[in-house]
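> Provided herewith: run28.pdb, PDB, C-alpha atoms.
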MODEL        1
ATOM      1  CA  MET A  70      85.878  15.981  67.031  1.00  0.00           C
ATOM      2  CA  GLN A  71      87.408  19.452  67.601  1.00  0.00           C
ATOM      3  CA  LEU A  72      90.865  17.878  67.865  1.00  0.00           C
ATOM      4  CA  LEU A  73      90.277  15.997  64.632  1.00  0.00           C
ATOM      5  CA  VAL A  74      89.091  19.113  62.810  1.00  0.00           C
ATOM      6  CA  SER A  75      92.039  21.084  64.156  1.00  0.00           C
ATOM      7  CA  ALA A  76      94.451  18.414  62.961  1.00  0.00           C
ATOM      8  CA  VAL A  77      92.830  18.437  59.534  1.00  0.00           C
ATOM      9  CA  VAL A  78      93.152  22.195  59.297  1.00  0.00           C
ATOM     10  CA  PHE A  79      96.782  22.159  60.199  1.00  0.00           C
ATOM     11  CA  ALA A  80      97.426  19.302  57.805  1.00  0.00           C
ATOM     12  CA  PHE A  81      95.895  21.242  54.972  1.00  0.00           C
ATOM     13  CA  LEU A  82      98.224  24.141  55.616  1.00  0.00           C
ATOM     14  CA  VAL A  83     101.218  21.985  55.650  1.00  0.00           C
ATOM     15  CA  SER A  84     100.561  20.478  52.232  1.00  0.00           C
ATOM     16  CA  CYS A  85      99.344  23.415  50.229  1.00  0.00           C
ATOM     17  CA  VAL A  86     101.879  25.758  48.777  1.00  0.00           C
ATOM     18  CA  THR A  87     104.766  25.313  46.384  1.00  0.00           C
ATOM     19  CA  SER A  88     104.715  28.859  45.076  1.00  0.00           C
ATOM     20  CA  THR A  89     100.986  28.578  45.523  1.00  0.00           C
ATOM     21  CA  PRO A  90      98.970  31.745  45.104  1.00  0.00           C
ATOM     22  CA  VAL A  91      97.701  32.091  48.658  1.00  0.00           C
ATOM     23  CA  GLN A  92      95.370  34.833  49.826  1.00  0.00           C
ATOM     24  CA  SER A  93      96.519  37.526  52.189  1.00  0.00           C
ATOM     25  CA  CYS A  94      94.541  37.890  55.400  1.00  0.00           C
ATOM     26  CA  THR A  95      92.637  40.757  53.801  1.00  0.00           C
ATOM     27  CA  GLY A  96      91.332  38.376  51.123  1.00  0.00           C
ATOM     28  CA  GLY A  97      93.399  39.372  48.082  1.00  0.00           C
ATOM     29  CA  PRO A  98      96.166  37.329  46.467  1.00  0.00           C
ATOM     30  CA  HIS A  99      99.490  37.532  48.248  1.00  0.00           C
ATOM     31  CA  GLU A 100     101.976  39.408  46.129  1.00  0.00           C
ATOM     32  CA  ARG A 101     104.915  37.108  46.891  1.00  0.00           C
ATOM     33  CA  SER A 102     103.602  33.557  46.569  1.00  0.00           C
ATOM     34  CA  ASN A 103     107.155  32.205  46.241  1.00  0.00           C
ATOM     35  CA  ASP A 104     107.550  32.983  49.959  1.00  0.00           C
ATOM     36  CA  TYR A 105     105.265  30.037  50.771  1.00  0.00           C
ATOM     37  CA  THR A 106     105.890  26.343  50.249  1.00  0.00           C
ATOM     38  CA  ILE A 107     103.304  23.885  51.496  1.00  0.00           C
ATOM     39  CA  GLY A 108     104.014  20.370  50.313  1.00  0.00           C
ATOM     40  CA  THR A 109     103.587  20.039  46.561  1.00  0.00           C
ATOM     41  CA  CYS A 110     100.495  22.188  46.184  1.00  0.00           C
ATOM     42  CA  GLU A 111     100.677  24.468  43.166  1.00  0.00           C
ATOM     43  CA  ARG A 112      97.164  25.904  43.300  1.00  0.00           C
ATOM     44  CA  PRO A 113      94.259  25.790  45.712  1.00  0.00           C
ATOM     45  CA  PRO A 114      92.403  23.906  46.823  1.00  0.00           C
ATOM     46  CA  CYS A 115      95.449  22.098  48.100  1.00  0.00           C
ATOM     47  CA  LYS A 116      94.967  18.354  48.277  1.00  0.00           C
ATOM     48  CA  LEU A 117      96.152  16.836  51.524  1.00  0.00           C
ATOM     49  CA  LYS A 118      96.569  13.106  51.164  1.00  0.00           C
ATOM     50  CA  ARG A 119      95.949  10.956  54.222  1.00  0.00           C
ATOM     51  CA  LYS A 120      98.954   9.006  55.548  1.00  0.00           C
ATOM     52  CA  SER A 121     101.434  11.602  54.239  1.00  0.00           C
ATOM     53  CA  THR A 122     103.752  14.175  55.785  1.00  0.00           C
ATOM     54  CA  ILE A 123     103.534  17.760  54.590  1.00  0.00           C
ATOM     55  CA  ASN A 124     106.350  20.271  54.863  1.00  0.00           C
ATOM     56  CA  LEU A 125     105.514  23.923  55.393  1.00  0.00           C
ATOM     57  CA  GLU A 126     107.985  26.733  54.789  1.00  0.00           C
ATOM     58  CA  LEU A 127     107.350  30.492  55.008  1.00  0.00           C
ATOM     59  CA  LYS A 128     109.922  33.162  54.213  1.00  0.00           C
ATOM     60  CA  PHE A 129     109.511  36.502  55.940  1.00  0.00           C
ATOM     61  CA  LYS A 130     111.316  39.664  57.017  1.00  0.00           C
ATOM     62  CA  PRO A 131     109.937  41.402  60.123  1.00  0.00           C
ATOM     63  CA  ASP A 132     109.492  45.185  60.084  1.00  0.00           C
ATOM     64  CA  THR A 133     110.326  45.464  63.792  1.00  0.00           C
ATOM     65  CA  ASP A 134     112.360  43.528  66.354  1.00  0.00           C
ATOM     66  CA  LEU A 135     110.343  40.602  67.736  1.00  0.00           C
ATOM     67  CA  PRO A 136     111.061  39.254  71.220  1.00  0.00           C
ATOM     68  CA  SER A 137     108.669  36.357  70.588  1.00  0.00           C
ATOM     69  CA  LEU A 138     106.524  34.789  67.887  1.00  0.00           C
ATOM     70  CA  LYS A 139     103.503  32.533  68.176  1.00  0.00           C
ATOM     71  CA  ASN A 140     101.333  30.435  65.871  1.00  0.00           C
ATOM     72  CA  ASP A 141      97.771  31.442  65.026  1.00  0.00           C
ATOM     73  CA  VAL A 142      96.316  28.514  63.080  1.00  0.00           C
ATOM     74  CA  HIS A 143      92.681  27.628  62.524  1.00  0.00           C
ATOM     75  CA  ALA A 144      90.424  26.154  59.892  1.00  0.00           C
ATOM     76  CA  LYS A 145      87.090  27.487  58.872  1.00  0.00           C
ATOM     77  CA  ILE A 146      84.552  24.791  58.223  1.00  0.00           C
ATOM     78  CA  ILE A 147      81.185  26.105  57.112  1.00  0.00           C
ATOM     79  CA  GLY A 148      82.317  29.543  58.308  1.00  0.00           C
ATOM     80  CA  VAL A 149      83.132  28.376  61.833  1.00  0.00           C
ATOM     81  CA  PRO A 150      86.789  28.695  62.959  1.00  0.00           C
ATOM     82  CA  PHE A 151      88.326  25.633  64.644  1.00  0.00           C
ATOM     83  CA  PRO A 152      91.721  26.257  66.288  1.00  0.00           C
ATOM     84  CA  PHE A 153      94.373  23.704  65.481  1.00  0.00           C
ATOM     85  CA  ILE A 154      94.947  22.199  68.931  1.00  0.00           C
ATOM     86  CA  GLY A 155      98.591  21.726  69.795  1.00  0.00           C
ATOM     87  CA  VAL A 156      99.724  24.379  67.295  1.00  0.00           C
ATOM     88  CA  ASP A 157      97.410  27.374  67.685  1.00  0.00           C
ATOM     89  CA  GLY A 158      98.726  29.718  70.374  1.00  0.00           C
ATOM     90  CA  THR A 159     102.080  27.931  70.758  1.00  0.00           C
ATOM     91  CA  SER A 160     105.514  29.495  70.359  1.00  0.00           C
ATOM     92  CA  ALA A 161     106.895  29.508  66.807  1.00  0.00           C
ATOM     93  CA  CYS A 162     110.418  30.465  67.951  1.00  0.00           C
ATOM     94  CA  GLY A 163     111.710  26.876  67.735  1.00  0.00           C
ATOM     95  CA  GLN A 164     110.811  26.664  64.033  1.00  0.00           C
ATOM     96  CA  ILE A 165     112.702  29.783  62.895  1.00  0.00           C
ATOM     97  CA  TYR A 166     115.829  29.553  60.717  1.00  0.00           C
ATOM     98  CA  LEU A 167     118.132  31.844  58.780  1.00  0.00           C
ATOM     99  CA  PRO A 168     118.060  31.467  54.967  1.00  0.00           C
ATOM    100  CA  ASP A 169     121.263  29.351  55.094  1.00  0.00           C
ATOM    101  CA  GLY A 170     119.483  26.775  57.302  1.00  0.00           C
ATOM    102  CA  THR A 171     121.071  27.844  60.595  1.00  0.00           C
ATOM    103  CA  LYS A 172     118.678  27.727  63.543  1.00  0.00           C
ATOM    104  CA  ALA A 173     117.708  31.287  64.532  1.00  0.00           C
ATOM    105  CA  SER A 174     114.985  31.254  67.232  1.00  0.00           C
ATOM    106  CA  CYS A 175     113.814  34.392  69.049  1.00  0.00           C
ATOM    107  CA  PRO A 176     114.391  37.292  69.464  1.00  0.00           C
ATOM    108  CA  LEU A 177     114.166  38.198  65.754  1.00  0.00           C
ATOM    109  CA  LYS A 178     115.720  41.352  64.274  1.00  0.00           C
ATOM    110  CA  ALA A 179     113.929  43.835  62.012  1.00  0.00           C
ATOM    111  CA  GLY A 180     115.044  43.652  58.371  1.00  0.00           C
ATOM    112  CA  GLN A 181     116.603  40.174  58.722  1.00  0.00           C
ATOM    113  CA  ASP A 182     115.365  37.393  56.408  1.00  0.00           C
ATOM    114  CA  TYR A 183     113.968  34.341  58.225  1.00  0.00           C
ATOM    115  CA  VAL A 184     112.396  31.025  57.295  1.00  0.00           C
ATOM    116  CA  TYR A 185     109.670  29.333  59.355  1.00  0.00           C
ATOM    117  CA  LYS A 186     109.718  25.537  58.874  1.00  0.00           C
ATOM    118  CA  ASN A 187     107.371  22.881  60.127  1.00  0.00           C
ATOM    119  CA  SER A 188     106.219  19.363  59.129  1.00  0.00           C
ATOM    120  CA  PHE A 189     102.905  17.683  59.830  1.00  0.00           C
ATOM    121  CA  GLU A 190     101.318  14.312  59.244  1.00  0.00           C
ATOM    122  CA  ILE A 191      97.982  13.927  57.512  1.00  0.00           C
ATOM    123  CA  LEU A 192      96.543  11.096  59.564  1.00  0.00           C
ATOM    124  CA  GLU A 193      94.322   8.363  58.151  1.00  0.00           C
ATOM    125  CA  ILE A 194      91.629   9.260  60.688  1.00  0.00           C
ATOM    126  CA  TYR A 195      91.168  12.777  59.277  1.00  0.00           C
ATOM    127  CA  PRO A 196      87.772  13.132  57.606  1.00  0.00           C
ATOM    128  CA  LYS A 197      87.635  13.881  53.903  1.00  0.00           C
ATOM    129  CA  LEU A 198      86.347  17.444  53.748  1.00  0.00           C
ATOM    130  CA  LYS A 199      87.035  20.925  52.384  1.00  0.00           C
ATOM    131  CA  VAL A 200      88.429  23.575  54.714  1.00  0.00           C
ATOM    132  CA  ASN A 201      89.796  27.108  54.514  1.00  0.00           C
ATOM    133  CA  VAL A 202      92.979  27.364  56.526  1.00  0.00           C
ATOM    134  CA  HIS A 203      94.167  30.546  58.212  1.00  0.00           C
ATOM    135  CA  TRP A 204      97.831  30.649  59.183  1.00  0.00           C
ATOM    136  CA  ALA A 205      99.587  33.526  60.919  1.00  0.00           C
ATOM    137  CA  LEU A 206     102.713  34.161  62.915  1.00  0.00           C
ATOM    138  CA  LEU A 207     101.956  36.740  65.590  1.00  0.00           C
ATOM    139  CA  GLY A 208     104.341  39.125  67.282  1.00  0.00           C
ATOM    140  CA  PRO A 209     103.795  41.304  70.365  1.00  0.00           C
ATOM    141  CA  LYS A 210     100.213  42.426  71.015  1.00  0.00           C
ATOM    142  CA  ASN A 211      99.058  39.660  68.614  1.00  0.00           C
ATOM    143  CA  LYS A 212     100.109  41.701  65.563  1.00  0.00           C
ATOM    144  CA  ASN A 213     100.381  39.714  62.296  1.00  0.00           C
ATOM    145  CA  VAL A 214     103.992  39.313  61.221  1.00  0.00           C
ATOM    146  CA  ILE A 215     102.982  37.068  58.331  1.00  0.00           C
ATOM    147  CA  CYS A 216      99.525  35.796  57.546  1.00  0.00           C
ATOM    148  CA  PHE A 217      97.721  33.898  54.778  1.00  0.00           C
ATOM    149  CA  ASN A 218      94.596  31.888  53.979  1.00  0.00           C
ATOM    150  CA  VAL A 219      94.334  28.926  51.610  1.00  0.00           C
ATOM    151  CA  PRO A 220      91.561  26.480  50.689  1.00  0.00           C
ATOM    152  CA  ALA A 221      92.357  22.776  51.080  1.00  0.00           C
ATOM    153  CA  LYS A 222      90.778  19.357  50.767  1.00  0.00           C
ATOM    154  CA  ILE A 223      91.622  16.168  52.695  1.00  0.00           C
ATOM    155  CA  THR A 224      91.810  13.210  50.320  1.00  0.00           C
ATOM    156  CA  SER A 225      92.415   9.432  50.484  1.00  0.00           C
TER     157      SER A 225
ENDMDL
END
Re-express the file's structure as structure tokens.

Amino acid sequence: MQLLVSAVVFAFLVSCVTSTPVQSCTGGPHERSNDYTIGTCERPPCKLKRKSTINLELKFKPDTDLPSLKNDVHAKIIGVPFPFIGVDGTSACGQIYLPDGTKASCPLKAGQDYVYKNSFEILEIYPKLKVNVHWALLGPKNKNVICFNVPAKITS
């Protein structure tokens, strides 16, 4: 069940933002919503259709050099966080690109524009439910490099 919930959470993230007004990790709207593209979602709650693939893209510019970057992804269901197994805590370095599409990877340089790209399937077995997804890319000492929250709903 935890694996299923984790997969649902990740799926929601992947299909939620095409210039979608996401919330920053402090709860307010993110000032640069065009930095996020999650499937075709234009406003939350993002609908994640079963048996579909969702593309996630985040644009960011680190303030400091980053030797590594890892995913911090979980869904809150009834206020309880469920880590997305297989994504949460894994390296994000393999999904980092330059704006021209060239693979970048780690280490990342301060002041350089980067794009994080990932794709995920919304499996038919995912339960239809509402979730709040938390997505962050963490640098050294688990410091947020980029972070957002967005409500989503798994649909048929």
> Just checking: using all atoms listed in the file, which residue out of A:Asn124, A:Ser137, A:Asn218, A:Ser160 ends up closest to A:Ile107?
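Ranked by minimum distance to A:Ile107, first place goes to A:Asn124.
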> Compile the contact shell of stretch 162-171 of chain A as an mmCIF file with C-alpha atoms, keeping the file's coordinate frame: residues with an atom at most 10 Å away, counting only C-alpha atoms, same-chain residues fewer than 3 positions apart removed.

data_model
loop_
_atom_site.group_PDB
_atom_site.id
_atom_site.type_symbol
_atom_site.label_atom_id
_atom_site.label_comp_id
_atom_site.auth_asym_id
_atom_site.auth_seq_id
_atom_site.Cartn_x
_atom_site.Cartn_y
_atom_site.Cartn_z
ATOM 1 C CA GLU A 126 107.985 26.733 54.789
ATOM 2 C CA LEU A 127 107.350 30.492 55.008
ATOM 3 C CA LYS A 128 109.922 33.162 54.213
ATOM 4 C CA PHE A 129 109.511 36.502 55.940
ATOM 5 C CA PRO A 136 111.061 39.254 71.220
ATOM 6 C CA SER A 137 108.669 36.357 70.588
ATOM 7 C CA LEU A 138 106.524 34.789 67.887
ATOM 8 C CA LYS A 139 103.503 32.533 68.176
ATOM 9 C CA ASN A 140 101.333 30.435 65.871
ATOM 10 C CA THR A 159 102.080 27.931 70.758
ATOM 11 C CA SER A 174 114.985 31.254 67.232
ATOM 12 C CA CYS A 175 113.814 34.392 69.049
ATOM 13 C CA PRO A 176 114.391 37.292 69.464
ATOM 14 C CA LEU A 177 114.166 38.198 65.754
ATOM 15 C CA GLN A 181 116.603 40.174 58.722
ATOM 16 C CA ASP A 182 115.365 37.393 56.408
ATOM 17 C CA TYR A 183 113.968 34.341 58.225
ATOM 18 C CA VAL A 184 112.396 31.025 57.295
ATOM 19 C CA TYR A 185 109.670 29.333 59.355
ATOM 20 C CA LYS A 186 109.718 25.537 58.874
ATOM 21 C CA ASN A 187 107.371 22.881 60.127
ATOM 22 C CA SER A 188 106.219 19.363 59.129
ATOM 23 C CA LEU A 206 102.713 34.161 62.915
#
> Which one of A:Glu193, A:Asp134, A:Asp141, A:Asp104 sits closest to A:Ala179 if you count only C-alpha atoms?
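The answer is A:Asp134, which sits nearest to A:Ala179.
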> Name the residues that the PyMOL selection byres ((chain A and resi 145) around 9) picks from the file above, as a list of chain:residue names, using the file's chain letters and numbers.
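Answer for the PyMOL selection byres ((chain A and resi 145) around 9): A:Val78, A:His143, A:Ala144, A:Ile146, A:Ile147, A:Gly148, A:Val149, A:Pro150, A:Phe151, A:Pro152, A:Val200, A:Asn201, A:Val202, A:His203.
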> Which value, in Å to one decimal, gives the distance between atom CA of A:Ile215 and atom CA of A:Pro113?
19.0 Å
> Do you have the atom CA of A:Thr133-atom CA of A:Lys210 distance handy?
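Those two atoms sit 12.8 Å apart.
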> Residues at most 6 Å from stretch 195-199 of chain A, counting all atoms listed in the file, excluding those fewer than 4 positions away in the same chain, as a ChimeraX atom specification?
/A:77,221-224
> Using only C-alpha atoms, which of A:Cys216, A:Leu207, A:Val156, A:Glu190 sits nearest A:Leu117?
A:Glu190
> Work out how far apart atom CA of A:Val219 and atom CA of A:Leu135 are and give it in Å to one decimal.
25.5 Å
> Which residue gives the smallest distance to A:Pro220 among A:Leu192, A:Asp157, A:Lys178, A:Trp204, with all atoms listed in the file counted?
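Nearest candidate to A:Pro220 out of A:Leu192, A:Asp157, A:Lys178, A:Trp204: A:Trp204.
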> Which one of A:Thr122, A:Ser225, A:Thr109, A:Asn213 sits closest to A:Val142 if you count all atoms listed in the file?
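Of all the options, A:Asn213 lies closest to A:Val142.
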> Work out where the centre of an axis-aligned box around every listed atom of stretch 107-118 of chain A lies and how long its edges are once 6 Å is added on each side; give both in Å to one decimal as lines of an AutoDock Vina configuration file.

center_x = 98.2
center_y = 19.5
center_z = 47.3
size_x = 23.6
size_y = 24.8
size_z = 20.4
